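Data block for query-v6.txt (compact mmCIF, C-alpha atoms and all ligand atoms):
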# COMPACT_ATOMS: atom_id res chain seq x y z
CA MET K 3 156.09 44.41 -38.77
CA PRO K 4 152.88 45.87 -37.30
CA LYS K 5 149.71 43.87 -38.05
CA GLU K 6 148.09 46.89 -39.64
CA VAL K 7 150.94 47.21 -42.15
CA TRP K 8 150.85 43.53 -42.94
CA TYR K 9 147.13 43.74 -43.63
CA GLN K 10 147.66 46.73 -45.91
CA VAL K 11 150.46 45.00 -47.79
CA GLN K 12 148.31 41.95 -48.38
CA ALA K 13 145.35 44.04 -49.49
CA VAL K 14 147.39 45.86 -52.11
CA LEU K 15 149.27 42.80 -53.30
CA ASP K 16 146.17 40.58 -53.48
CA ALA K 17 144.64 43.09 -55.85
CA HIS K 18 147.52 42.37 -58.26
CA LYS K 19 147.47 38.60 -58.06
CA SER K 20 146.34 37.05 -61.31
CA ALA K 21 146.24 33.70 -63.01
CA ALA K 22 149.22 34.76 -65.11
CA ASP K 23 151.44 34.97 -62.01
CA ALA K 24 150.96 31.31 -61.19
CA THR K 25 152.37 30.23 -64.54
CA GLN K 26 155.40 32.52 -64.25
CA VAL K 27 156.52 31.11 -60.96
CA HIS K 28 159.84 29.78 -62.28
CA ASP K 29 160.88 32.99 -63.99
CA HIS K 30 162.99 35.62 -62.28
CA TYR K 31 160.74 37.97 -60.32
CA LEU K 32 161.86 41.00 -62.33
CA LYS K 33 161.11 39.44 -65.68
CA GLY K 34 158.27 41.24 -67.41
CA THR K 35 158.76 44.38 -65.29
CA VAL K 36 162.19 45.60 -66.41
CA TYR K 37 162.81 47.22 -69.78
CA CYS K 38 165.78 48.57 -71.72
CA GLY K 39 166.23 52.28 -71.06
CA GLN K 40 167.78 52.81 -74.47
CA CYS K 41 165.24 51.23 -76.85
CA GLY K 42 162.29 50.40 -74.56
CA GLU K 43 162.21 46.65 -75.32
CA ARG K 44 161.95 44.05 -72.56
CA LEU K 45 165.02 42.81 -70.72
CA ILE K 46 165.36 39.05 -70.96
CA ILE K 47 167.58 36.62 -69.08
CA THR K 48 170.51 34.84 -70.60
CA ASN K 49 173.32 32.84 -69.08
CA ALA K 50 176.77 34.00 -70.12
CA LYS K 51 180.24 32.77 -69.30
CA ASN K 52 182.67 35.32 -67.94
CA ARG K 53 186.37 35.19 -68.83
CA HIS K 54 187.07 32.76 -65.97
CA GLY K 55 184.57 30.32 -67.43
CA ASN K 56 181.95 30.82 -64.71
CA VAL K 57 178.34 31.01 -65.83
CA TYR K 58 176.33 34.06 -64.72
CA PRO K 59 172.74 35.03 -65.42
CA TYR K 60 172.46 38.39 -67.15
CA PHE K 61 169.73 40.69 -68.30
CA VAL K 62 170.06 41.53 -71.98
CA CYS K 63 167.94 43.78 -74.17
CA SER K 64 165.51 41.67 -76.22
CA GLY K 65 165.58 44.37 -78.93
CA ARG K 66 169.30 44.02 -79.36
CA HIS K 67 169.24 40.25 -78.85
CA SER K 68 166.71 39.68 -81.64
CA GLY K 69 168.04 42.42 -83.90
CA LYS K 70 164.63 44.09 -83.78
CA THR K 71 166.16 47.42 -82.71
CA GLU K 72 169.51 49.11 -83.33
CA CYS K 73 170.07 49.00 -79.58
CA THR K 74 173.64 48.77 -78.29
CA ARG K 75 172.72 48.07 -74.68
CA GLN K 76 175.30 45.97 -72.83
CA ALA K 77 174.32 42.96 -70.73
CA MET K 78 173.72 43.64 -67.04
CA LEU K 79 174.32 41.35 -64.10
CA ILE K 80 170.93 40.39 -62.68
CA GLU K 81 171.93 41.11 -59.11
CA ASP K 82 173.01 44.63 -60.12
CA VAL K 83 169.53 45.28 -61.50
CA GLU K 84 168.00 43.83 -58.32
CA ARG K 85 170.01 46.33 -56.24
CA LEU K 86 168.90 49.23 -58.47
CA ILE K 87 165.24 48.44 -57.78
CA GLU K 88 165.88 48.15 -54.03
CA LYS K 89 167.61 51.55 -54.11
CA TYR K 90 164.68 53.01 -56.00
CA TYR K 91 162.29 51.94 -53.25
CA GLU K 92 164.60 53.58 -50.70
CA MET K 93 164.29 56.79 -52.68
CA ILE K 94 160.47 56.81 -52.93
CA GLU K 95 159.48 55.53 -49.48
CA VAL K 96 157.58 58.27 -47.63
CA SER K 97 158.16 59.28 -44.00
CA PRO K 98 155.41 58.79 -41.38
CA GLY K 99 154.85 62.55 -41.44
CA MET K 100 154.43 62.67 -45.21
CA ARG K 101 152.13 59.64 -45.04
CA GLN K 102 149.93 61.50 -42.57
CA ASP K 103 149.86 64.67 -44.68
CA LEU K 104 149.07 62.77 -47.88
CA ALA K 105 146.29 60.85 -46.14
CA GLY K 106 144.87 64.08 -44.70
CA LYS K 107 144.88 65.81 -48.07
CA ILE K 108 143.39 62.82 -49.91
CA HIS K 109 140.55 62.38 -47.43
CA ALA K 110 139.84 66.12 -47.52
CA ASP K 111 139.65 65.89 -51.32
CA PHE K 112 137.21 63.00 -50.98
CA ASP K 113 135.11 64.97 -48.50
CA LEU K 114 134.92 67.79 -51.03
CA LEU K 115 133.96 65.42 -53.85
CA MET K 116 131.25 63.84 -51.74
CA ALA K 117 129.92 67.22 -50.62
CA ASN K 118 129.59 68.26 -54.26
CA GLU K 119 127.54 65.17 -54.92
CA THR K 120 125.34 65.62 -51.88
CA LYS K 121 122.82 67.54 -53.98
CA GLU K 122 122.53 64.65 -56.41
CA LEU K 123 122.20 62.23 -53.50
CA SER K 124 119.42 64.17 -51.84
CA ARG K 125 117.61 64.42 -55.20
CA LEU K 126 117.79 60.63 -55.51
CA THR K 127 116.61 60.17 -51.95
CA SER K 128 113.56 62.40 -52.34
CA GLU K 129 112.77 60.71 -55.67
CA ARG K 130 112.79 57.39 -53.83
CA ASP K 131 110.47 58.80 -51.13
CA ARG K 132 108.09 60.11 -53.80
CA LEU K 133 107.94 56.66 -55.43
CA ASP K 134 107.24 55.04 -52.06
CA GLU K 135 104.34 57.42 -51.60
CA GLU K 136 103.05 56.72 -55.11
CA ARG K 137 103.06 53.02 -54.33
CA MET K 138 100.96 53.56 -51.20
CA LYS K 139 98.45 55.75 -53.05
CA LEU K 140 98.15 53.19 -55.81
CA LEU K 141 97.38 50.49 -53.30
CA GLN K 142 94.72 52.66 -51.64
CA ALA K 143 93.19 53.42 -55.05
CA HIS K 144 93.06 49.68 -55.74
CA TYR K 145 91.30 48.98 -52.43
CA SER K 146 88.71 51.65 -53.15
CA GLY K 147 88.02 49.96 -56.48
CA ALA K 148 89.53 52.68 -58.69
CA VAL K 149 92.44 50.59 -60.03
CA PRO K 150 91.96 47.09 -61.45
CA ILE K 151 94.36 44.37 -60.32
CA ASP K 152 96.30 44.00 -63.58
CA LEU K 153 97.01 47.74 -63.73
CA LEU K 154 98.00 47.68 -60.05
CA LYS K 155 100.50 44.89 -60.72
CA GLN K 156 101.93 46.66 -63.74
CA GLU K 157 102.33 49.97 -61.91
CA GLN K 158 103.81 48.32 -58.83
CA ASP K 159 106.43 46.57 -60.94
CA ARG K 160 107.38 49.85 -62.59
CA ILE K 161 107.72 51.60 -59.23
CA ALA K 162 109.70 48.72 -57.72
CA ASP K 163 112.13 48.84 -60.67
CA GLN K 164 112.64 52.56 -60.28
CA ILE K 165 113.16 52.32 -56.52
CA GLY K 166 115.62 49.45 -57.02
CA ASP K 167 117.55 51.50 -59.55
CA ILE K 168 117.75 54.54 -57.25
CA GLN K 169 118.71 52.43 -54.25
CA HIS K 170 121.46 50.84 -56.30
CA ARG K 171 122.83 54.23 -57.33
CA ILE K 172 122.83 55.51 -53.74
CA GLU K 173 124.64 52.40 -52.49
CA ALA K 174 127.15 52.42 -55.35
CA HIS K 175 127.95 56.02 -54.52
CA HIS K 176 128.80 55.13 -50.92
CA ASP K 177 130.66 51.92 -51.75
CA GLU K 178 132.73 53.57 -54.44
CA TYR K 179 134.07 56.23 -52.11
CA ALA K 180 134.54 53.86 -49.21
CA SER K 181 136.60 51.40 -51.25
CA ALA K 182 138.59 54.15 -52.97
CA ARG K 183 139.48 55.60 -49.58
CA ALA K 184 140.41 52.18 -48.19
CA ASN K 185 142.54 51.42 -51.24
CA LEU K 186 144.41 54.71 -50.87
CA ASP K 187 145.02 54.11 -47.17
CA ASP K 188 146.35 50.63 -47.91
CA SER K 189 148.59 51.91 -50.70
CA LEU K 190 149.94 54.69 -48.47
CA GLY K 191 150.65 52.15 -45.74
CA LEU K 192 152.64 50.09 -48.20
CA LEU K 193 154.51 53.13 -49.56
CA ALA K 194 155.50 54.18 -46.04
CA ASN K 195 156.95 50.72 -45.32
CA ILE K 196 158.04 49.55 -48.75
CA VAL K 197 161.78 49.23 -48.02
CA SER K 198 161.36 46.71 -45.21
CA VAL K 199 158.43 45.01 -46.92
CA TYR K 200 160.43 44.51 -50.12
CA GLU K 201 163.53 43.45 -48.20
CA ARG K 202 161.64 40.67 -46.42
CA ALA K 203 159.46 39.63 -49.34
CA ASP K 204 160.05 36.35 -51.15
CA ASP K 205 160.40 36.40 -54.94
CA ALA K 206 156.67 36.00 -55.58
CA ASN K 207 155.79 38.92 -53.31
CA ARG K 208 158.62 41.03 -54.75
CA ARG K 209 157.06 40.46 -58.15
CA LEU K 210 153.68 41.55 -56.75
CA CYS K 211 155.21 44.66 -55.16
CA ASN K 212 156.78 45.67 -58.45
CA GLN K 213 153.56 45.01 -60.34
CA ALA K 214 151.58 47.04 -57.80
CA PHE K 215 153.94 50.01 -58.04
CA PHE K 216 155.19 50.03 -61.62
CA HIS K 217 153.81 49.58 -65.06
CA ARG K 218 157.34 49.44 -66.41
CA ILE K 219 160.82 49.96 -65.00
CA PHE K 220 163.44 51.19 -67.47
CA ILE K 221 167.08 50.47 -66.69
CA GLU K 222 169.47 53.01 -68.21
CA GLU K 223 173.02 52.30 -69.31
CA ASP K 224 174.54 54.36 -66.47
CA GLY K 225 172.46 52.55 -63.84
CA ASP K 226 169.73 55.19 -63.68
CA VAL K 227 166.21 53.92 -63.17
CA ARG K 228 163.17 55.49 -64.84
CA VAL K 229 159.70 54.22 -64.04
CA GLU K 230 156.10 54.36 -65.20
CA TYR K 231 153.94 54.11 -62.08
CA GLU K 232 150.72 52.23 -61.61
CA ARG K 233 147.84 54.01 -59.90
CA PRO K 234 147.69 55.33 -57.25
CA PHE K 235 151.46 55.31 -56.72
CA GLY K 236 152.06 57.79 -59.54
CA SER K 237 150.23 60.45 -57.54
CA LEU K 238 151.48 59.35 -54.13
CA CYS K 239 155.13 59.47 -55.29
CA ASP K 240 154.74 62.69 -57.26
CA THR K 241 156.81 65.44 -55.60
CA GLU K 242 154.32 68.13 -56.57
CA GLU K 243 151.46 66.17 -55.00
CA GLN K 244 153.60 65.72 -51.90
CA MET K 245 154.33 69.47 -51.73
CA ASN K 246 150.61 70.16 -52.05
CA ALA K 247 149.93 67.77 -49.19
CA LEU K 248 152.57 69.48 -47.03
CA ASN K 249 151.07 72.91 -47.74
CA TRP K 250 147.55 71.62 -47.17
CA ALA K 251 148.56 70.12 -43.82
CA ALA K 252 150.29 73.35 -42.73
CA GLU K 253 147.22 75.34 -43.72
CA ALA K 254 144.87 72.90 -41.98
CA LYS K 255 146.96 73.10 -38.86
CA LYS K 256 146.82 76.89 -38.91
CA LYS K 257 143.03 76.82 -39.35
CA GLY K 258 142.79 74.26 -36.56
CA GLU K 259 144.70 76.58 -34.24
CA VAL K 260 142.45 79.51 -35.08
CA GLN K 261 139.38 77.40 -34.39
CA THR K 262 140.82 76.17 -31.13
CA GLY K 263 141.59 79.78 -30.18
CA GLN K 264 138.01 80.81 -30.88
CA ARG K 265 136.68 77.93 -28.87
CA VAL K 266 138.82 78.97 -25.91
CA VAL K 267 137.52 82.55 -26.15
CA THR K 268 133.91 81.32 -26.19
CA LEU K 269 134.59 79.10 -23.23
CA VAL K 270 136.11 81.97 -21.21
CA GLU K 271 133.18 84.26 -22.09
CA GLY K 272 130.78 81.56 -20.98
CA LEU K 273 132.60 81.28 -17.68
CA ASN K 274 132.47 85.02 -17.17
CA LEU K 275 128.75 85.05 -17.85
CA SER K 276 128.04 82.28 -15.39
CA HIS K 277 130.13 84.21 -12.90
CA LEU K 278 127.98 87.32 -13.41
CA GLY K 279 124.79 85.33 -13.30
ZN ZN J 301 167.53 48.00 -75.93

Rendering of file as structure tokens:
Amino acid sequence: MPKEVWYQVQAVLDAHKSAADATQVHDHYLKGTVYCGQCGERLIITNAKNRHGNVYPYFVCSGRHSGKTECTRQAMLIEDVERLIEKYYEMIEVSPGMRQDLAGKIHADFDLLMANETKELSRLTSERDRLDEERMKLLQAHYSGAVPIDLLKQEQDRIADQIGDIQHRIEAHHDEYASARANLDDSLGLLANIVSVYERADDANRRLCNQAFFHRIFIEEDGDVRVEYERPFGSLCDTEEQMNALNWAAEAKKKGEVQTGQRVVTLVEGLNLSHLG
């Protein structure tokens, strides 16, 4: 596995590690993630004897088991449920091309968002400059004897607070976008490699993968799987979002070609001119 992918996997999974995981280490890695497709209650593990007297671990619906719901869901072999989840990852993994298109679209969206906030940023920046100036003037006024020391101190504290506040808002703005972009890149990297990542993962990391991707996984009677995604995988796996990314990439490519064409024309004209000159 490429180093870059490994780093991305760790980044996404680390974000989902919690104190609760450490205490659940002896439970099956799917416990807490899989739910009954019929009544929506959790699936719990029970050991049952088959007709040959062998003991097998099964998932059963806790709603049916406790009599809390009218559910009629049959027990499911745990390894069958494990396979269903593996198959689901095979279905949602994105190709390298789709990964590229999604990343391109997402970063373009971020660029747009940031451009829209540029006005606000420049307002904050000039406000900070104005306060800096005010501070200098105040100091000069103090030196010329116009402002007593206690007023100087009071005013300087006020200005320092305001500058600190503005500085904080400017930095938060940059950090927020930077970390959101990084998180999306990491998540995309994981989504584009999830089949092999999940295949090689130990139980603890499989649990983390499932927790990163899914809020809940519902197992239906006929072996269908229905999921509630965690962010940002809900958007990344959404077919409409993926179509939008494809269209965006095609459009961007077209625009890129036009621009390249124009650049070539300009270059040729320049050559002609230098020829004439
Ligand atoms: Zn049920």

Best match for closeness to Lys33 in chain K among K:Glu243, K:Tyr200, K:Tyr60, K:Val14, counting all atoms listed in the file | K:Tyr60

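Minimum distance to Met116 in chain K across K:Phe216, K:Tyr145, K:Tyr179, K:Tyr90 (counting all atoms listed in the file) occurs at K:Tyr179.
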
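Here the question is which of K:Cys73, K:Ala17, K:Leu140, K:Met93 gets nearest to ligand ZN 301 (chain J) using only C-alpha atoms and all ligand atoms, and that residue is K:Cys73.
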
Residues proximal to (166.2, 50.9, -52.0) were defined as those with any atom within 12 Å of that point in the file's coordinates, counting only C-alpha atoms. Which are they, as a short mmCIF file (atom, residue, chain, number, x, y, z; two decimals) with C-alpha atoms, in the coordinates of the input?
data_model
loop_
_atom_site.label_atom_id
_atom_site.label_comp_id
_atom_site.auth_asym_id
_atom_site.auth_seq_id
_atom_site.Cartn_x
_atom_site.Cartn_y
_atom_site.Cartn_z
CA VAL K 83 169.53 45.28 -61.50
CA GLU K 84 168.00 43.83 -58.32
CA ARG K 85 170.01 46.33 -56.24
CA LEU K 86 168.90 49.23 -58.47
CA ILE K 87 165.24 48.44 -57.78
CA GLU K 88 165.88 48.15 -54.03
CA LYS K 89 167.61 51.55 -54.11
CA TYR K 90 164.68 53.01 -56.00
CA TYR K 91 162.29 51.94 -53.25
CA GLU K 92 164.60 53.58 -50.70
CA MET K 93 164.29 56.79 -52.68
CA ILE K 94 160.47 56.81 -52.93
CA GLU K 95 159.48 55.53 -49.48
CA ASN K 195 156.95 50.72 -45.32
CA ILE K 196 158.04 49.55 -48.75
CA VAL K 197 161.78 49.23 -48.02
CA SER K 198 161.36 46.71 -45.21
CA VAL K 199 158.43 45.01 -46.92
CA TYR K 200 160.43 44.51 -50.12
CA GLU K 201 163.53 43.45 -48.20
CA VAL K 227 166.21 53.92 -63.17
#

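In this structure, CA of Arg171 in chain K sits 26.6 Å away from CA of Lys107 in chain K.
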